[in-house]
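Structure file my_file_11.txt (compact mmCIF, C-alpha atoms) is printed below.
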# COMPACT_ATOMS: atom_id res chain seq x y z
CA MET K 121 -54.34 -28.69 -117.14
CA ARG K 122 -52.68 -26.75 -114.36
CA ASP K 123 -54.54 -26.38 -111.07
CA ALA K 124 -54.61 -23.36 -108.74
CA ASN K 125 -51.18 -24.27 -107.33
CA GLY K 126 -49.64 -24.36 -110.76
CA SER K 127 -49.13 -28.11 -110.58
CA SER K 128 -50.43 -30.34 -113.28
CA LYS K 129 -51.16 -33.94 -114.07
CA ARG K 130 -48.32 -35.34 -116.16
CA MET K 131 -48.87 -37.24 -119.38
CA SER K 132 -46.75 -40.35 -119.77
CA SER K 133 -44.44 -40.46 -122.77
CA GLY K 134 -44.93 -44.21 -122.90
CA VAL K 135 -41.16 -44.69 -123.22
CA LYS K 136 -39.80 -46.81 -120.42
CA GLY K 137 -37.38 -44.73 -118.37
CA LEU K 138 -38.12 -41.36 -119.97
CA ASP K 139 -40.86 -40.29 -117.58
CA ASP K 140 -38.37 -40.62 -114.72
CA MET K 141 -36.00 -38.27 -116.58
CA ILE K 142 -38.65 -35.55 -116.91
CA GLY K 143 -40.33 -35.55 -113.55
CA GLY K 144 -43.14 -37.95 -114.36
CA GLY K 145 -44.12 -37.04 -117.91
CA PHE K 146 -45.02 -34.15 -120.20
CA LEU K 147 -47.17 -31.28 -119.01
CA PRO K 148 -50.59 -31.20 -120.71
CA GLY K 149 -50.66 -28.77 -123.61
CA ASP K 150 -46.90 -28.69 -124.05
CA ALA K 151 -45.12 -29.31 -127.34
CA THR K 152 -42.11 -31.62 -127.40
CA LEU K 153 -39.58 -31.96 -130.18
CA VAL K 154 -37.91 -35.32 -130.65
CA ALA K 155 -34.96 -34.68 -132.94
CA GLY K 156 -32.67 -37.40 -134.10
CA SER K 157 -30.45 -38.92 -136.73
CA PRO K 158 -32.00 -41.36 -139.21
CA GLY K 159 -33.02 -44.66 -137.64
CA THR K 160 -32.74 -43.55 -134.03
CA GLY K 161 -36.42 -44.26 -133.31
CA LYS K 162 -38.28 -40.96 -133.74
CA THR K 163 -41.38 -42.53 -135.29
CA THR K 164 -41.40 -45.30 -132.67
CA PHE K 165 -41.18 -42.56 -130.04
CA GLY K 166 -44.34 -41.03 -131.49
CA LEU K 167 -46.13 -44.36 -131.51
CA HIS K 168 -45.19 -44.89 -127.84
CA PHE K 169 -46.77 -41.52 -127.05
CA ILE K 170 -50.01 -42.43 -128.83
CA ALA K 171 -50.11 -45.92 -127.27
CA ALA K 172 -49.64 -44.48 -123.78
CA GLY K 173 -52.53 -42.12 -124.48
CA VAL K 174 -54.82 -44.93 -125.59
CA ALA K 175 -53.96 -46.81 -122.39
CA ALA K 176 -54.77 -43.69 -120.34
CA GLY K 177 -58.05 -42.98 -122.15
CA GLU K 178 -56.56 -40.02 -124.03
CA PRO K 179 -57.30 -40.35 -127.76
CA GLY K 180 -54.49 -39.47 -130.11
CA VAL K 181 -53.87 -38.39 -133.69
CA PHE K 182 -50.74 -39.47 -135.54
CA VAL K 183 -49.93 -37.37 -138.60
CA THR K 184 -47.38 -38.77 -141.00
CA PHE K 185 -46.01 -36.90 -143.99
CA GLU K 186 -43.55 -39.50 -145.09
CA TYR K 187 -44.53 -43.05 -144.26
CA LEU K 188 -47.71 -44.54 -145.62
CA PRO K 189 -50.27 -45.65 -143.03
CA GLN K 190 -49.73 -49.30 -144.02
CA GLN K 191 -46.08 -48.98 -142.89
CA ILE K 192 -47.11 -47.37 -139.60
CA TYR K 193 -49.78 -50.04 -138.95
CA ARG K 194 -47.19 -52.75 -139.55
CA ASP K 195 -44.53 -51.17 -137.33
CA ALA K 196 -47.07 -50.52 -134.57
CA ALA K 197 -48.46 -54.06 -134.77
CA LYS K 198 -44.94 -55.50 -134.42
CA ARG K 199 -44.70 -53.76 -131.06
CA GLY K 200 -48.12 -54.91 -129.93
CA TRP K 201 -50.07 -51.74 -130.72
CA PRO K 202 -53.19 -52.50 -132.78
CA LEU K 203 -53.46 -49.03 -134.30
CA ASP K 204 -56.05 -50.10 -136.88
CA ARG K 205 -58.29 -51.47 -134.12
CA TRP K 206 -57.85 -48.32 -132.07
CA GLU K 207 -58.96 -46.33 -135.10
CA LYS K 208 -62.12 -48.44 -135.44
CA GLU K 209 -62.79 -47.89 -131.74
CA GLY K 210 -62.31 -44.13 -132.15
CA ARG K 211 -59.33 -44.05 -129.77
CA ALA K 212 -56.74 -43.01 -132.33
CA ARG K 213 -56.52 -41.70 -135.86
CA LEU K 214 -53.74 -41.97 -138.39
CA VAL K 215 -53.56 -39.27 -141.06
CA CYS K 216 -51.17 -39.31 -144.00
CA THR K 217 -50.97 -36.06 -145.91
CA THR K 218 -48.76 -33.07 -146.70
CA PRO K 219 -48.19 -29.92 -144.59
CA GLU K 220 -50.05 -27.83 -147.21
CA VAL K 221 -53.16 -30.02 -147.06
CA LEU K 222 -53.04 -30.47 -143.27
CA LEU K 223 -53.09 -26.75 -142.57
CA ALA K 224 -55.09 -25.43 -145.54
CA ASP K 225 -57.83 -23.23 -144.14
CA GLU K 226 -61.45 -23.54 -145.16
CA GLY K 227 -63.85 -21.27 -143.33
CA GLY K 228 -61.62 -21.00 -140.28
CA THR K 229 -61.02 -24.72 -139.92
CA SER K 230 -58.43 -27.16 -141.26
CA ILE K 231 -58.14 -30.91 -141.71
CA LEU K 232 -56.01 -30.97 -138.56
CA ASP K 233 -58.75 -29.18 -136.59
CA ASP K 234 -61.39 -31.57 -137.94
CA VAL K 235 -59.53 -34.75 -137.11
CA VAL K 236 -58.57 -33.55 -133.62
CA ARG K 237 -62.22 -32.75 -132.90
CA GLU K 238 -63.52 -35.98 -134.46
CA VAL K 239 -61.64 -38.23 -132.05
CA GLY K 240 -61.54 -35.76 -129.16
CA ALA K 241 -57.75 -35.97 -129.34
CA LYS K 242 -55.68 -35.14 -126.29
CA ARG K 243 -52.42 -36.14 -127.95
CA LEU K 244 -50.97 -35.32 -131.33
CA VAL K 245 -47.87 -36.55 -133.13
CA ILE K 246 -46.53 -34.85 -136.28
CA ASP K 247 -43.88 -36.94 -138.05
CA SER K 248 -41.88 -35.11 -139.29
CA MET K 249 -41.54 -31.33 -139.22
CA ALA K 250 -38.76 -31.57 -141.81
CA HIS K 251 -41.52 -31.72 -144.43
CA PHE K 252 -42.49 -28.15 -143.65
CA GLU K 253 -39.06 -27.17 -144.93
CA PHE K 254 -39.75 -29.02 -148.18
CA SER K 255 -43.09 -27.24 -148.70
CA SER K 256 -43.05 -24.98 -151.68
CA ASP K 257 -44.56 -21.99 -149.91
CA ALA K 258 -42.32 -22.18 -146.83
CA GLY K 259 -39.97 -19.40 -147.91
CA GLY K 260 -38.62 -17.16 -145.17
CA ARG K 261 -41.84 -17.32 -143.19
CA LEU K 262 -41.33 -20.89 -142.04
CA ARG K 263 -40.42 -20.06 -138.46
CA GLU K 264 -43.38 -17.71 -138.18
CA ARG K 265 -45.67 -20.35 -139.65
CA ILE K 266 -44.47 -23.07 -137.26
CA ALA K 267 -44.77 -20.68 -134.29
CA GLY K 268 -48.38 -20.06 -135.33
CA LEU K 269 -49.01 -23.80 -135.59
CA MET K 270 -47.62 -24.40 -132.10
CA ASN K 271 -49.85 -21.69 -130.63
CA HIS K 272 -52.84 -23.11 -132.51
CA LEU K 273 -52.17 -26.58 -131.06
CA ARG K 274 -52.29 -25.10 -127.56
CA LEU K 275 -55.69 -23.65 -128.40
CA LEU K 276 -56.82 -27.10 -129.53
CA ASP K 277 -55.87 -28.34 -126.07
CA VAL K 278 -53.64 -31.14 -127.29
CA THR K 279 -50.28 -32.24 -126.00
CA THR K 280 -48.01 -32.48 -128.98
CA LEU K 281 -44.94 -34.44 -129.95
CA VAL K 282 -43.21 -33.46 -133.18
CA THR K 283 -40.21 -35.10 -134.76
CA HIS K 284 -37.39 -33.64 -136.79
CA GLU K 285 -34.38 -35.08 -138.52
CA ILE K 286 -30.76 -34.38 -137.66
CA PRO K 287 -28.95 -35.27 -140.87
CA GLN K 288 -25.58 -36.03 -139.23
CA ILE K 289 -25.20 -39.72 -138.36
CA VAL K 290 -22.34 -39.06 -135.89
CA GLY K 291 -20.33 -36.04 -134.88
CA PRO K 292 -21.37 -32.78 -133.29
CA ALA K 293 -24.73 -31.33 -134.30
CA VAL K 294 -24.49 -27.56 -134.06
CA SER K 295 -28.24 -27.04 -134.36
CA VAL K 296 -31.34 -29.19 -134.23
CA SER K 297 -33.13 -27.52 -137.13
CA SER K 298 -32.35 -24.83 -139.69
CA PHE K 299 -35.36 -22.70 -138.73
CA GLY K 300 -35.00 -22.75 -134.96
CA LEU K 301 -37.72 -25.31 -134.21
CA GLU K 302 -36.03 -25.99 -130.86
CA PHE K 303 -36.94 -22.46 -129.76
CA LEU K 304 -40.62 -22.86 -130.63
CA VAL K 305 -41.34 -25.91 -128.49
CA ASP K 306 -41.44 -26.43 -124.75
CA ASN K 307 -39.25 -29.51 -124.60
CA VAL K 308 -36.43 -30.87 -126.72
CA ILE K 309 -35.28 -34.50 -126.68
CA VAL K 310 -32.30 -35.48 -128.81
CA LEU K 311 -31.58 -38.98 -130.10
CA ARG K 312 -28.04 -39.57 -131.39
CA TYR K 313 -25.68 -42.29 -132.46
CA VAL K 314 -22.57 -42.66 -130.33
CA GLU K 315 -19.50 -44.65 -131.28
CA LEU K 316 -18.34 -46.41 -128.17
CA GLU K 317 -15.62 -49.05 -128.15
CA ALA K 318 -16.01 -49.66 -131.89
CA GLU K 319 -19.76 -50.12 -131.55
CA MET K 320 -22.51 -47.78 -132.69
CA GLN K 321 -24.94 -47.21 -129.85
CA LYS K 322 -27.95 -44.93 -129.54
CA ALA K 323 -28.15 -42.24 -126.90
CA ILE K 324 -30.94 -40.02 -125.61
CA ASN K 325 -30.62 -36.64 -123.93
CA VAL K 326 -33.26 -34.25 -122.65
CA LEU K 327 -31.86 -30.95 -123.88
CA LYS K 328 -34.66 -28.67 -122.75
CA PHE K 329 -37.65 -29.20 -120.49
CA ARG K 330 -39.87 -26.36 -119.40
CA GLY K 331 -41.87 -28.48 -116.98
CA GLY K 332 -39.20 -28.31 -114.26
CA ASP K 333 -35.93 -29.94 -113.45
CA HIS K 334 -34.90 -32.85 -115.60
CA ASP K 335 -32.21 -35.45 -116.01
CA ARG K 336 -29.35 -34.00 -118.08
CA LYS K 337 -27.40 -37.19 -118.65
CA PHE K 338 -26.92 -38.92 -121.95
CA ARG K 339 -28.44 -42.34 -121.51
CA PRO K 340 -28.30 -45.41 -123.72
CA LEU K 341 -31.45 -45.96 -125.70
CA ARG K 342 -32.42 -49.50 -126.61
CA GLN K 343 -34.90 -50.54 -129.25
CA THR K 344 -36.51 -53.89 -128.58
CA GLU K 345 -39.50 -55.69 -130.07
CA ASN K 346 -41.64 -53.88 -127.51
CA GLY K 347 -40.33 -50.46 -128.47
CA ILE K 348 -37.84 -48.12 -126.87
CA SER K 349 -36.48 -48.30 -123.36
CA ILE K 350 -34.01 -46.25 -121.37
CA THR K 351 -32.81 -48.23 -118.44
CA SER K 352 -29.27 -47.31 -117.52
CA GLU K 353 -26.62 -44.66 -118.06
CA PHE K 354 -23.26 -44.38 -119.77
CA ARG K 355 -20.60 -44.86 -117.09
CA GLY K 356 -17.04 -43.62 -117.20
CA VAL K 357 -17.29 -42.07 -120.68
CA GLU K 358 -17.30 -38.51 -122.00
CA ASN K 359 -17.67 -36.63 -125.30
CA ILE K 360 -20.95 -38.38 -126.06
CA SER K 361 -22.37 -35.21 -127.58
CA LEU K 362 -19.56 -35.26 -130.15
CA GLY K 363 -20.71 -38.70 -131.26
CA SER K 364 -17.37 -40.34 -130.53
CA ALA K 365 -17.29 -41.10 -126.83
CA ARG K 366 -14.13 -42.00 -124.98
CA ARG K 367 -13.32 -43.16 -121.49
CA SER K 368 -13.25 -40.26 -119.09
CA LEU K 369 -9.98 -39.20 -117.46
CA ALA K 370 -11.17 -40.56 -114.13
CA GLN K 371 -12.08 -43.86 -115.71
CA ARG K 372 -8.71 -44.10 -117.49
CA ALA K 373 -6.91 -43.38 -114.21
CA GLN K 374 -9.00 -46.01 -112.46
CA ASP K 375 -8.23 -48.49 -115.23
CA LEU K 376 -4.47 -47.83 -114.78
CA ILE K 377 -4.65 -48.38 -111.05
CA MET W 198 -83.75 -56.70 -151.74
CA VAL W 199 -80.92 -54.26 -152.11
CA ASP W 200 -80.28 -52.22 -149.01
CA GLY W 201 -81.24 -48.59 -149.39
CA GLY W 202 -79.27 -45.59 -148.29
CA PHE W 203 -77.23 -44.96 -151.41
CA GLY W 204 -77.95 -41.50 -152.58
CA GLY W 205 -76.41 -39.60 -155.47
CA ARG W 206 -74.85 -41.22 -158.49
CA GLY W 207 -73.69 -44.28 -156.55
CA ALA W 208 -77.34 -45.22 -156.14
CA ALA W 209 -77.66 -45.89 -159.84
CA VAL W 210 -74.85 -48.43 -159.71
CA PHE W 211 -76.45 -50.20 -156.78
CA GLY W 212 -79.89 -50.12 -158.32
CA VAL W 213 -81.63 -48.69 -155.29
CA GLY W 214 -85.34 -49.24 -155.62
CA VAL W 215 -84.93 -52.27 -157.87
CA ALA W 216 -87.12 -55.03 -156.51
CA ARG W 217 -84.79 -57.89 -157.35
CA VAL W 218 -81.05 -58.15 -157.22
CA THR W 219 -79.97 -58.93 -160.73
CA ASP W 220 -76.69 -60.00 -162.27
CA ALA W 221 -76.62 -56.63 -164.01
CA THR W 222 -76.66 -54.84 -160.64
CA LEU W 223 -73.73 -56.87 -159.33
CA HIS W 224 -71.82 -56.46 -162.56
CA GLY W 225 -72.41 -52.72 -162.39
CA VAL W 226 -70.92 -52.53 -158.90
CA PHE W 227 -67.89 -54.66 -159.68
CA ASP W 228 -67.30 -52.92 -162.99
CA GLY W 229 -67.41 -49.57 -161.23
CA LEU W 230 -64.84 -50.72 -158.70
CA THR W 231 -62.57 -52.82 -160.89
CA GLY W 232 -62.97 -51.52 -164.47
CA SER W 233 -59.21 -50.98 -164.95
CA ASP W 234 -55.93 -51.94 -163.31
CA LEU W 235 -55.42 -48.40 -162.03
CA ARG W 236 -58.95 -48.31 -160.62
CA VAL W 237 -58.18 -51.47 -158.63
CA GLN W 238 -54.82 -50.05 -157.53
CA ILE W 239 -56.50 -46.88 -156.27
CA LEU W 240 -59.00 -48.96 -154.32
CA VAL W 241 -56.32 -51.20 -152.82
CA PHE W 242 -54.13 -48.18 -151.99
CA PHE W 243 -56.92 -46.41 -150.13
CA HIS W 244 -58.00 -49.64 -148.45
CA ARG W 245 -54.48 -50.13 -147.08
CA ASN W 246 -54.03 -46.45 -146.30
CA PRO W 247 -57.45 -45.23 -145.20
CA GLY W 248 -56.05 -42.17 -143.44
CA LEU W 249 -54.64 -40.71 -146.63
CA VAL W 250 -55.74 -37.17 -147.42
CA GLU W 251 -54.19 -35.98 -150.67
CA THR W 252 -54.67 -33.97 -153.81
CA ALA W 253 -54.92 -35.91 -157.07
CA GLU W 254 -51.34 -34.85 -157.86
CA GLY W 255 -50.11 -35.99 -154.45
CA LEU W 256 -51.95 -39.30 -154.69
CA ALA W 257 -50.53 -39.93 -158.17
CA ARG W 258 -47.04 -39.15 -156.85
CA ARG W 259 -47.42 -41.52 -153.90
CA MET W 260 -48.77 -44.28 -156.17
CA GLY W 261 -46.29 -43.68 -158.96
CA ALA W 262 -49.20 -43.14 -161.37
CA ASN W 263 -49.97 -40.67 -164.14
CA VAL W 264 -52.04 -37.75 -162.83
CA ALA W 265 -54.40 -37.54 -165.81
CA ALA W 266 -55.09 -41.28 -165.71
CA LEU W 267 -55.61 -41.15 -161.95
CA ARG W 268 -58.07 -38.28 -162.26
CA ARG W 269 -60.04 -40.30 -164.82
CA GLU W 270 -59.96 -43.66 -163.04
CA ILE W 271 -60.84 -42.31 -159.60
CA ARG W 272 -64.18 -40.94 -160.85
CA PRO W 273 -66.14 -44.21 -160.37
CA HIS W 274 -64.90 -44.41 -156.75
CA VAL W 275 -65.97 -40.81 -156.17
CA GLU W 276 -69.36 -41.42 -157.78
CA LEU W 277 -69.84 -44.52 -155.64
CA GLY W 278 -68.98 -42.48 -152.56
CA LEU W 279 -65.94 -44.56 -151.58
CA VAL W 280 -63.63 -41.62 -152.14
CA ARG W 281 -64.74 -38.16 -151.08
CA GLU W 282 -63.64 -34.97 -152.73
CA ARG W 283 -63.29 -31.96 -150.48
CA ALA W 284 -62.45 -28.42 -151.44
CA ILE W 285 -60.13 -26.91 -148.87
CA GLY W 286 -58.35 -23.62 -149.38
CA SER W 287 -57.30 -23.52 -153.00
CA MET W 288 -57.07 -27.31 -153.22
CA VAL W 289 -59.38 -30.25 -153.81
CA VAL W 290 -58.35 -33.21 -151.68
CA LEU W 291 -59.36 -36.85 -151.86
CA GLN W 292 -60.01 -39.07 -148.87
CA PHE W 293 -61.39 -42.52 -148.28
CA ASP W 294 -64.81 -42.74 -146.67
CA ARG W 295 -64.55 -45.63 -144.25
CA ALA W 296 -68.23 -45.48 -143.27
CA ARG W 297 -69.21 -45.67 -146.92
CA GLN W 298 -66.87 -48.61 -147.43
CA ALA W 299 -68.54 -50.52 -144.59
CA GLU W 300 -71.95 -49.60 -146.00
CA ILE W 301 -71.08 -50.83 -149.50
CA GLU W 302 -69.46 -54.03 -148.22
CA GLY W 303 -72.57 -54.74 -146.18
CA SER W 304 -74.77 -54.20 -149.21
CA ILE W 305 -72.67 -56.48 -151.39
CA GLU W 306 -72.84 -59.14 -148.70
CA ARG W 307 -76.60 -58.83 -148.53
CA MET W 308 -76.90 -58.91 -152.31
CA LEU W 309 -74.83 -62.06 -152.51
CA ALA W 310 -76.80 -63.65 -149.70
CA ALA W 311 -80.03 -62.82 -151.53
CA ARG W 312 -78.67 -64.38 -154.72
CA LEU W 313 -77.65 -67.53 -152.87
CA ARG W 314 -81.10 -67.78 -151.31
CA GLY W 315 -82.61 -67.38 -154.78
CA HIS W 316 -80.47 -70.23 -156.10
CA ALA W 317 -81.38 -72.45 -153.15
CA ALA W 318 -85.09 -71.83 -153.76
Spit out the file's structure as structure tokens when you get a sec.
Amino acid sequence: MRDANGSSKRMSSGVKGLDDMIGGGFLPGDATLVAGSPGTGKTTFGLHFIAAGVAAGEPGVFVTFEYLPQQIYRDAAKRGWPLDRWEKEGRARLVCTTPEVLLADEGGTSILDDVVREVGAKRLVIDSMAHFEFSSDAGGRLRERIAGLMNHLRLLDVTTLVTHEIPQIVGPAVSVSSFGLEFLVDNVIVLRYVELEAEMQKAINVLKFRGGDHDRKFRPLRQTENGISITSEFRGVENISLGSARRSLAQRAQDLI
Amino acid sequence: MVDGGFGGRGAAVFGVGVARVTDATLHGVFDGLTGSDLRVQILVFFHRNPGLVETAEGLARRMGANVAALRREIRPHVELGLVRERAIGSMVVLQFDRARQAEIEGSIERMLAARLRGHAA
């Protein structure tokens, strides 16, 4: 929480290199959207966030609408995160459900409220918000409903990371979501594929960060057996946001010389 | 002696209050849990995915099972307390009760240990 000077303890994202891009981590209580093309590592991103919380003594809840818990346990274990053990120890909780069930209200409380209270969660991951679009009762009130959810999460005092899919594999993405999710969160991180010298690479960019100044560069994102890391930057290339990067004019001139 | 603590309809299966653990008690438990292929599949599915919170329709969809059959075959698990039903909003959702699972596993262990001791004597 923010102190009298307006400063606040940052919460590590758990992703190597990202905290440096955002001034040390996320601000407590903020909501961050990680949007990306299929296979760019959105779910792994969420697991990093939960694992960093467990390491910092901040219990977390991971809500999945798509993958079954057994898939999440397996993927987490491969990266050295014993999610099932953390659950037994009350340091994390994995919930697999649908948006309708998660938010259904019974006497002023929901399953989400219950599970957050049960583990004393400080961190929450919702993977993925695209499933709200699939819900039968979404209709035209989806944006309003998501805005309400985001405000409710602030009341629950959790720092939230939500994921969303960008259907385009490469090429320019004109919007992150069809219902303006990027406007309802505090921070937006985009994960994209970039074709560079006939090779498909992954790139990360912090598009929006309310917590202060942030790194605006596209940086290469690497997925290793230990998870995601961001260690360097693209040098001498441009047009990364279009998905088909090319050598910059300066780089081409330098190459000629 | 069978461990106490099983209230409701699950208690009948476990034979709470019965002085001796009998074969019939054990058979009752196992039959309740494994009486059909779908009943076993439901148990395995929840065991592997303990954080699942779903309606019967949603669970059937995730398991690729028939909803009517699932509703029928999940009853023994609900009666035993392994699966909890919860009314929320206009829905009834199903969720695995991990504490109950540990309790039942402990009881089965103790029942088997008691049987083995009986055989040894």
Enumerate as a PDB file with C-alpha atoms, in the frame of the given file the residues belonging to chain K that approach chain W to within 12 Å, with only C-alpha atoms taken into account.
ATOM      1  CA  VAL K 181     -53.870 -38.390-133.690  1.00  0.00           C
ATOM      2  CA  PHE K 182     -50.740 -39.470-135.540  1.00  0.00           C
ATOM      3  CA  VAL K 183     -49.930 -37.370-138.600  1.00  0.00           C
ATOM      4  CA  THR K 184     -47.380 -38.770-141.000  1.00  0.00           C
ATOM      5  CA  PHE K 185     -46.010 -36.900-143.990  1.00  0.00           C
ATOM      6  CA  GLU K 186     -43.550 -39.500-145.090  1.00  0.00           C
ATOM      7  CA  TYR K 187     -44.530 -43.050-144.260  1.00  0.00           C
ATOM      8  CA  LEU K 188     -47.710 -44.540-145.620  1.00  0.00           C
ATOM      9  CA  PRO K 189     -50.270 -45.650-143.030  1.00  0.00           C
ATOM     10  CA  GLN K 190     -49.730 -49.300-144.020  1.00  0.00           C
ATOM     11  CA  GLN K 191     -46.080 -48.980-142.890  1.00  0.00           C
ATOM     12  CA  ILE K 192     -47.110 -47.370-139.600  1.00  0.00           C
ATOM     13  CA  TYR K 193     -49.780 -50.040-138.950  1.00  0.00           C
ATOM     14  CA  ARG K 194     -47.190 -52.750-139.550  1.00  0.00           C
ATOM     15  CA  LEU K 203     -53.460 -49.030-134.300  1.00  0.00           C
ATOM     16  CA  ASP K 204     -56.050 -50.100-136.880  1.00  0.00           C
ATOM     17  CA  GLU K 207     -58.960 -46.330-135.100  1.00  0.00           C
ATOM     18  CA  LYS K 208     -62.120 -48.440-135.440  1.00  0.00           C
ATOM     19  CA  ALA K 212     -56.740 -43.010-132.330  1.00  0.00           C
ATOM     20  CA  ARG K 213     -56.520 -41.700-135.860  1.00  0.00           C
ATOM     21  CA  LEU K 214     -53.740 -41.970-138.390  1.00  0.00           C
ATOM     22  CA  VAL K 215     -53.560 -39.270-141.060  1.00  0.00           C
ATOM     23  CA  CYS K 216     -51.170 -39.310-144.000  1.00  0.00           C
ATOM     24  CA  THR K 217     -50.970 -36.060-145.910  1.00  0.00           C
ATOM     25  CA  THR K 218     -48.760 -33.070-146.700  1.00  0.00           C
ATOM     26  CA  PRO K 219     -48.190 -29.920-144.590  1.00  0.00           C
ATOM     27  CA  GLU K 220     -50.050 -27.830-147.210  1.00  0.00           C
ATOM     28  CA  VAL K 221     -53.160 -30.020-147.060  1.00  0.00           C
ATOM     29  CA  LEU K 222     -53.040 -30.470-143.270  1.00  0.00           C
ATOM     30  CA  LEU K 223     -53.090 -26.750-142.570  1.00  0.00           C
ATOM     31  CA  ALA K 224     -55.090 -25.430-145.540  1.00  0.00           C
ATOM     32  CA  ASP K 225     -57.830 -23.230-144.140  1.00  0.00           C
ATOM     33  CA  GLU K 226     -61.450 -23.540-145.160  1.00  0.00           C
ATOM     34  CA  GLY K 227     -63.850 -21.270-143.330  1.00  0.00           C
ATOM     35  CA  GLY K 228     -61.620 -21.000-140.280  1.00  0.00           C
ATOM     36  CA  THR K 229     -61.020 -24.720-139.920  1.00  0.00           C
ATOM     37  CA  SER K 230     -58.430 -27.160-141.260  1.00  0.00           C
ATOM     38  CA  ILE K 231     -58.140 -30.910-141.710  1.00  0.00           C
ATOM     39  CA  LEU K 232     -56.010 -30.970-138.560  1.00  0.00           C
ATOM     40  CA  ASP K 234     -61.390 -31.570-137.940  1.00  0.00           C
ATOM     41  CA  VAL K 235     -59.530 -34.750-137.110  1.00  0.00           C
TER      42      VAL K 235
END
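Using all atoms listed in the file, the residues found no farther than 10 Å from Pro148 (chain K), other than those of its own chain fewer than 2 positions away, are Met121, Arg122, Ser128, Lys129, Arg130, Met131, Ser132, Gly145, Phe146, Asp150, Ala151, Lys242, Arg243, Arg274, Asp277, Val278, Thr279, Thr280 and Gly331 of chain K.
CA of Ile305 (chain W) is found 28.1 Å from CA of Glu238 (chain K).
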Problem set entry | Minimum-distance residue to Pro158 (chain K), chosen among K:Glu285, K:Glu253, K:Glu264, K:Asp139 (using only C-alpha atoms) |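 Smallest separation from Pro158 (chain K) among the options: K:Glu285.
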Residues near Val305 (chain K), anyone? I mean within 10 Å using all atoms listed in the file, not counting same-chain ones fewer than 6 positions away, as an mmCIF file with C-alpha atoms, keeping the file's coordinate frame.
data_model
loop_
_atom_site.group_PDB
_atom_site.id
_atom_site.type_symbol
_atom_site.label_atom_id
_atom_site.label_comp_id
_atom_site.auth_asym_id
_atom_site.auth_seq_id
_atom_site.Cartn_x
_atom_site.Cartn_y
_atom_site.Cartn_z
ATOM 1 C CA ASP K 150 -46.900 -28.690 -124.050
ATOM 2 C CA ALA K 151 -45.120 -29.310 -127.340
ATOM 3 C CA THR K 152 -42.110 -31.620 -127.400
ATOM 4 C CA LEU K 153 -39.580 -31.960 -130.180
ATOM 5 C CA ILE K 266 -44.470 -23.070 -137.260
ATOM 6 C CA ALA K 267 -44.770 -20.680 -134.290
ATOM 7 C CA MET K 270 -47.620 -24.400 -132.100
ATOM 8 C CA ASN K 271 -49.850 -21.690 -130.630
ATOM 9 C CA THR K 280 -48.010 -32.480 -128.980
ATOM 10 C CA LEU K 281 -44.940 -34.440 -129.950
ATOM 11 C CA VAL K 282 -43.210 -33.460 -133.180
ATOM 12 C CA LYS K 328 -34.660 -28.670 -122.750
ATOM 13 C CA PHE K 329 -37.650 -29.200 -120.490
ATOM 14 C CA ARG K 330 -39.870 -26.360 -119.400
#
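Note that the spacing between CA of Asp195 (chain K) and CA of Ile286 (chain K) amounts to 21.7 Å.
Between CA of Ile246 (chain K) and CA of Leu276 (chain K) there is a distance of 14.5 Å.
Shortest atom-to-atom contact with Asp294 (chain W) among W:Arg258, W:His274, W:Arg312, W:His224: W:His274, counting only C-alpha atoms.
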Show me the residues around (-58.6, -51.2, -161.7) - criterion: an atom at most 12 Å away, all atoms listed in the file counted - as a PDB file with C-alpha atoms, keeping the file's coordinate frame.
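Result saved to out_20.pdb:
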ATOM      1  CA  PHE W 227     -67.890 -54.660-159.680  1.00  0.00           C
ATOM      2  CA  ASP W 228     -67.300 -52.920-162.990  1.00  0.00           C
ATOM      3  CA  GLY W 229     -67.410 -49.570-161.230  1.00  0.00           C
ATOM      4  CA  LEU W 230     -64.840 -50.720-158.700  1.00  0.00           C
ATOM      5  CA  THR W 231     -62.570 -52.820-160.890  1.00  0.00           C
ATOM      6  CA  GLY W 232     -62.970 -51.520-164.470  1.00  0.00           C
ATOM      7  CA  SER W 233     -59.210 -50.980-164.950  1.00  0.00           C
ATOM      8  CA  ASP W 234     -55.930 -51.940-163.310  1.00  0.00           C
ATOM      9  CA  LEU W 235     -55.420 -48.400-162.030  1.00  0.00           C
ATOM     10  CA  ARG W 236     -58.950 -48.310-160.620  1.00  0.00           C
ATOM     11  CA  VAL W 237     -58.180 -51.470-158.630  1.00  0.00           C
ATOM     12  CA  GLN W 238     -54.820 -50.050-157.530  1.00  0.00           C
ATOM     13  CA  ILE W 239     -56.500 -46.880-156.270  1.00  0.00           C
ATOM     14  CA  LEU W 240     -59.000 -48.960-154.320  1.00  0.00           C
ATOM     15  CA  VAL W 241     -56.320 -51.200-152.820  1.00  0.00           C
ATOM     16  CA  PHE W 242     -54.130 -48.180-151.990  1.00  0.00           C
ATOM     17  CA  ALA W 266     -55.090 -41.280-165.710  1.00  0.00           C
ATOM     18  CA  LEU W 267     -55.610 -41.150-161.950  1.00  0.00           C
ATOM     19  CA  ARG W 269     -60.040 -40.300-164.820  1.00  0.00           C
ATOM     20  CA  GLU W 270     -59.960 -43.660-163.040  1.00  0.00           C
ATOM     21  CA  ILE W 271     -60.840 -42.310-159.600  1.00  0.00           C
ATOM     22  CA  ARG W 272     -64.180 -40.940-160.850  1.00  0.00           C
ATOM     23  CA  PRO W 273     -66.140 -44.210-160.370  1.00  0.00           C
ATOM     24  CA  HIS W 274     -64.900 -44.410-156.750  1.00  0.00           C
TER      25      HIS W 274
END
For this session: Would you kindly return, as a VMD selection string, each protein, DNA or RNA residue with an atom no farther than 9 Å from any atom of Met141 (chain K), considering all atoms listed in the file and excluding same-chain residues fewer than 4 positions away?
Result: chain K and resid 137 145 326 333 to 337
